[in-house]
Amino acid sequence: MKTAAQAMKSKQFIKNELDARIPKRESDALWEKAERRLDEIMKEHAKIPKGEHTHTDTYIFPSAAIYLTLKEALDKKTAYAVIEDAAIKKTTDAGKKIAGMMKLPGMKSLFIWIWGPLTKKMFGSDSGFKNVFYPRKKGEYRMDIVECPYNRYFTVLGCPELTKIFCENDNRTYGNLPGLEFKRSGTLGTGADRCDFYVRKL
């Protein structure tokens, strides 16, 4: 399990976005307040299943603590934009790096194959998700998420709107990979009854 300080350190990309919008002295003070809030959140949820901590301590709780702190000091629109714009920059960059890897021989097929073991380990029941896994077909991978800890914990913490940002992260990361098609018709964070995930080799 991460400490609040460790988790906040990994969110420097969000701090950079905040620094670009308000004076640094004010930004630093809000960041310290967000870290204290995160520490409280993590203590309140210390007994959740071990597998869920991978997502809560690294992504969900820090984002919620920062957003809720900023929303109190600034306004909801600005607080949301800080989180969203930071995520857009980070995941768009990640998508470009993965796109570069897809140019290597055999990487497209490997990318498709790895989603099977990866999703069952990182996005399976031990991590707080409930899934529908479909039979594997050559050159494609399909899965639905029908329960998601992001949607659950963001709702518990009073900021369900943040779920949408993490839904969109997938589109930015995987939506423009050469030789691959990533399709999604809806997500839990946008009101659908599931997050469908479909990727295939073109």
# chains A, B, ... in the order shown; residues from 1 in each chain; ligands from 1
>>> residues_around(residues="His53 (chain A)", least_positions_apart="4", cutoff="8 Å", atoms="only C-alpha atoms", output="PyMOL selection string")
chain A and resi 1+48-49+57-58+127
>>> residues_around(residues="Arg194 (chain A)", least_positions_apart="4", cutoff="7 Å", atoms="only C-alpha atoms", output="VMD selection string")
chain A and resid 144 to 146 186 to 188
>>> write_last_selection(atoms="all heavy atoms", output="mmCIF file, in the first residue's frame")
data_model
loop_
_atom_site.group_PDB
_atom_site.id
_atom_site.type_symbol
_atom_site.label_atom_id
_atom_site.label_comp_id
_atom_site.auth_asym_id
_atom_site.auth_seq_id
_atom_site.Cartn_x
_atom_site.Cartn_y
_atom_site.Cartn_z
ATOM 1 N N ASP A 144 -16.334 -7.034 -21.464
ATOM 2 C CA ASP A 144 -17.186 -6.002 -20.880
ATOM 3 C C ASP A 144 -16.872 -5.886 -19.394
ATOM 4 O O ASP A 144 -16.594 -6.887 -18.731
ATOM 5 C CB ASP A 144 -18.675 -6.352 -21.021
ATOM 6 C CG ASP A 144 -19.151 -6.366 -22.458
ATOM 7 O OD1 ASP A 144 -18.456 -5.801 -23.322
ATOM 8 O OD2 ASP A 144 -20.221 -6.955 -22.713
ATOM 9 N N ILE A 145 -16.935 -4.677 -18.881
ATOM 10 C CA ILE A 145 -16.863 -4.445 -17.441
ATOM 11 C C ILE A 145 -18.253 -4.011 -16.996
ATOM 12 O O ILE A 145 -18.788 -3.026 -17.491
ATOM 13 C CB ILE A 145 -15.831 -3.355 -17.092
ATOM 14 C CG1 ILE A 145 -14.419 -3.850 -17.428
ATOM 15 C CG2 ILE A 145 -15.926 -2.971 -15.616
ATOM 16 C CD1 ILE A 145 -13.338 -2.800 -17.238
ATOM 17 N N VAL A 146 -18.853 -4.754 -16.070
ATOM 18 C CA VAL A 146 -20.208 -4.436 -15.618
ATOM 19 C C VAL A 146 -20.225 -3.848 -14.200
ATOM 20 O O VAL A 146 -21.241 -3.309 -13.770
ATOM 21 C CB VAL A 146 -21.130 -5.674 -15.707
ATOM 22 C CG1 VAL A 146 -21.327 -6.068 -17.170
ATOM 23 C CG2 VAL A 146 -20.573 -6.847 -14.923
ATOM 24 N N GLY A 186 -20.102 2.442 -25.010
ATOM 25 C CA GLY A 186 -20.573 3.116 -23.802
ATOM 26 C C GLY A 186 -19.741 2.727 -22.595
ATOM 27 O O GLY A 186 -18.962 1.774 -22.636
ATOM 28 N N THR A 187 -19.900 3.485 -21.510
ATOM 29 C CA THR A 187 -19.173 3.185 -20.275
ATOM 30 C C THR A 187 -20.089 3.424 -19.076
ATOM 31 O O THR A 187 -21.070 4.174 -19.158
ATOM 32 C CB THR A 187 -17.926 4.082 -20.108
ATOM 33 O OG1 THR A 187 -18.337 5.443 -19.905
ATOM 34 C CG2 THR A 187 -17.013 4.003 -21.312
ATOM 35 N N LEU A 188 -19.750 2.797 -17.967
ATOM 36 C CA LEU A 188 -20.493 3.014 -16.726
ATOM 37 C C LEU A 188 -20.429 4.474 -16.309
ATOM 38 O O LEU A 188 -21.398 5.030 -15.789
ATOM 39 C CB LEU A 188 -19.911 2.129 -15.619
ATOM 40 C CG LEU A 188 -20.072 0.612 -15.824
ATOM 41 C CD1 LEU A 188 -19.193 -0.148 -14.831
ATOM 42 C CD2 LEU A 188 -21.523 0.204 -15.656
#
>>> closest_atom_pairs(of="region 56-149 of chain A", to="region 4-16 of chain A", cutoff="8 Å", atoms="only C-alpha atoms", output="tab-separated table")
residue	atom	partner	partner_atom	distance
A:Asp57	CA	A:Ala7	CA	6.7
A:Thr58	CA	A:Ala7	CA	5.9
A:Pro62	CA	A:Met8	CA	6.5
A:Val82	CA	A:Ile14	CA	6.9
A:Ile83	CA	A:Ile14	CA	6.4
A:Ala86	CA	A:Ile14	CA	5.3
A:Ala87	CA	A:Ile14	CA	7.8
A:Lys90	CA	A:Phe13	CA	7.6
>>> atom_distance(atom1="CA of Ala79 (chain A)", atom2="CA of Phe123 (chain A)")
27.7 Å
>>> closest_residue(among="A:Leu104, A:Phe129, A:Tyr198, A:Thr173", to="Met143 (chain A)", atoms="only C-alpha atoms")
A:Tyr198
>>> residues_around(residues="Leu30 (chain A)", least_positions_apart="3", cutoff="12 Å", atoms="only C-alpha atoms", output="ChimeraX atom specification")
/A:15,18-19,22-27,33-37,65-74,79
>>> atom_distance(atom1="CA of Glu147 (chain A)", atom2="CA of Leu177 (chain A)")
26.8 Å
>>> residues_around(residues="Leu110 (chain A)", least_positions_apart="2", cutoff="12 Å", atoms="only C-alpha atoms", output="ChimeraX atom specification")
/A:101-108,112-118,138-141,180,200-201
>>> select_by_dssp(residues="region 36-188 of chain A", states="strand (DSSP E or B)", output="number ranges by chain")
A: 130-133, 137, 140-147, 180-183
>>> select_by_dssp(residues="region 60-148 of chain A", states="alpha helix (DSSP H)", output="VMD selection string")
chain A and resid 61 to 73 76 to 101 107 to 122
>>> write_last_selection(atoms="C-alpha atoms", output="compact mmCIF listing (two decimals), in the first residue's frame")
# COMPACT_ATOMS: atom_id res chain seq x y z
CA PHE A 61 -8.23 8.27 -4.15
CA PRO A 62 -5.51 10.78 -5.18
CA SER A 63 -7.64 12.13 -8.03
CA ALA A 64 -10.65 12.47 -5.74
CA ALA A 65 -8.65 14.17 -2.99
CA ILE A 66 -7.15 16.68 -5.41
CA TYR A 67 -10.43 17.37 -7.18
CA LEU A 68 -12.50 17.81 -4.00
CA THR A 69 -9.87 20.13 -2.52
CA LEU A 70 -9.68 22.25 -5.66
CA LYS A 71 -13.46 22.37 -5.96
CA GLU A 72 -13.71 23.92 -2.50
CA ALA A 73 -11.05 26.55 -3.17
CA LYS A 76 -16.15 22.94 -9.93
CA LYS A 77 -15.47 23.73 -13.59
CA THR A 78 -11.86 24.72 -12.97
CA ALA A 79 -11.23 21.79 -10.61
CA TYR A 80 -12.56 19.35 -13.19
CA ALA A 81 -10.55 20.95 -15.98
CA VAL A 82 -7.31 20.59 -14.01
CA ILE A 83 -7.85 16.84 -13.61
CA GLU A 84 -9.16 16.32 -17.13
CA ASP A 85 -6.54 18.41 -18.96
CA ALA A 86 -3.72 16.73 -17.05
CA ALA A 87 -5.16 13.32 -17.96
CA ILE A 88 -5.54 14.32 -21.62
CA LYS A 89 -1.88 15.31 -21.87
CA LYS A 90 -0.61 12.22 -20.08
CA THR A 91 -2.73 9.64 -21.89
CA THR A 92 -2.32 11.25 -25.30
CA ASP A 93 1.44 11.03 -24.80
CA ALA A 94 1.10 7.40 -23.69
CA GLY A 95 -0.94 6.66 -26.80
CA LYS A 96 1.78 8.11 -29.03
CA LYS A 97 4.42 5.95 -27.36
CA ILE A 98 2.34 2.79 -27.77
CA ALA A 99 1.64 3.76 -31.39
CA GLY A 100 5.38 3.88 -31.98
CA MET A 101 5.78 0.40 -30.51
CA MET A 107 3.76 -6.08 -31.85
CA LYS A 108 0.16 -5.79 -33.05
CA SER A 109 -0.47 -9.49 -32.50
CA LEU A 110 1.30 -9.39 -29.14
CA PHE A 111 -0.77 -6.37 -28.12
CA ILE A 112 -3.99 -8.26 -28.87
CA TRP A 113 -2.83 -11.40 -27.06
CA ILE A 114 -1.64 -9.67 -23.89
CA TRP A 115 -5.07 -8.22 -23.14
CA GLY A 116 -6.30 -11.62 -22.00
CA PRO A 117 -3.93 -12.16 -19.06
CA LEU A 118 -3.62 -8.43 -18.40
CA THR A 119 -7.32 -7.75 -17.97
CA LYS A 120 -7.86 -10.80 -15.79
CA LYS A 121 -5.01 -9.74 -13.50
CA MET A 122 -5.41 -5.96 -13.41
>>> residues_around(residues="His45 (chain A)", least_positions_apart="5", cutoff="12 Å", atoms="only C-alpha atoms", output="JSON, numbers by chain")
{"A": [1, 38, 39, 40, 50, 52, 53, 56, 57, 60, 61, 153, 156, 157]}
>>> write_last_selection(atoms="C-alpha atoms", output="PDB file, in the first residue's frame")
ATOM      1  CA  MET A   1       0.000   0.000   0.000  1.00  0.00           C
ATOM      2  CA  LEU A  38      -5.927  11.820   0.742  1.00  0.00           C
ATOM      3  CA  ASP A  39      -4.381  10.481   3.946  1.00  0.00           C
ATOM      4  CA  GLU A  40      -7.815  10.625   5.601  1.00  0.00           C
ATOM      5  CA  LYS A  50      -5.919  -5.886  -1.213  1.00  0.00           C
ATOM      6  CA  GLU A  52      -8.411  -2.943  -5.102  1.00  0.00           C
ATOM      7  CA  HIS A  53      -5.597  -0.878  -3.605  1.00  0.00           C
ATOM      8  CA  THR A  56      -7.636   3.149  -5.354  1.00  0.00           C
ATOM      9  CA  ASP A  57      -4.269   4.198  -3.930  1.00  0.00           C
ATOM     10  CA  ILE A  60      -8.907   6.863  -7.605  1.00  0.00           C
ATOM     11  CA  PHE A  61      -8.230   8.274  -4.150  1.00  0.00           C
ATOM     12  CA  TYR A 153     -15.437   4.752  -5.176  1.00  0.00           C
ATOM     13  CA  VAL A 156     -18.875   7.017  -2.589  1.00  0.00           C
ATOM     14  CA  LEU A 157     -16.505   9.984  -2.326  1.00  0.00           C
TER      15      LEU A 157
END
>>> closest_residue(among="A:Gly128, A:Gly175, A:Gly189, A:Gly51", to="Pro149 (chain A)", atoms="only C-alpha atoms")
A:Gly128
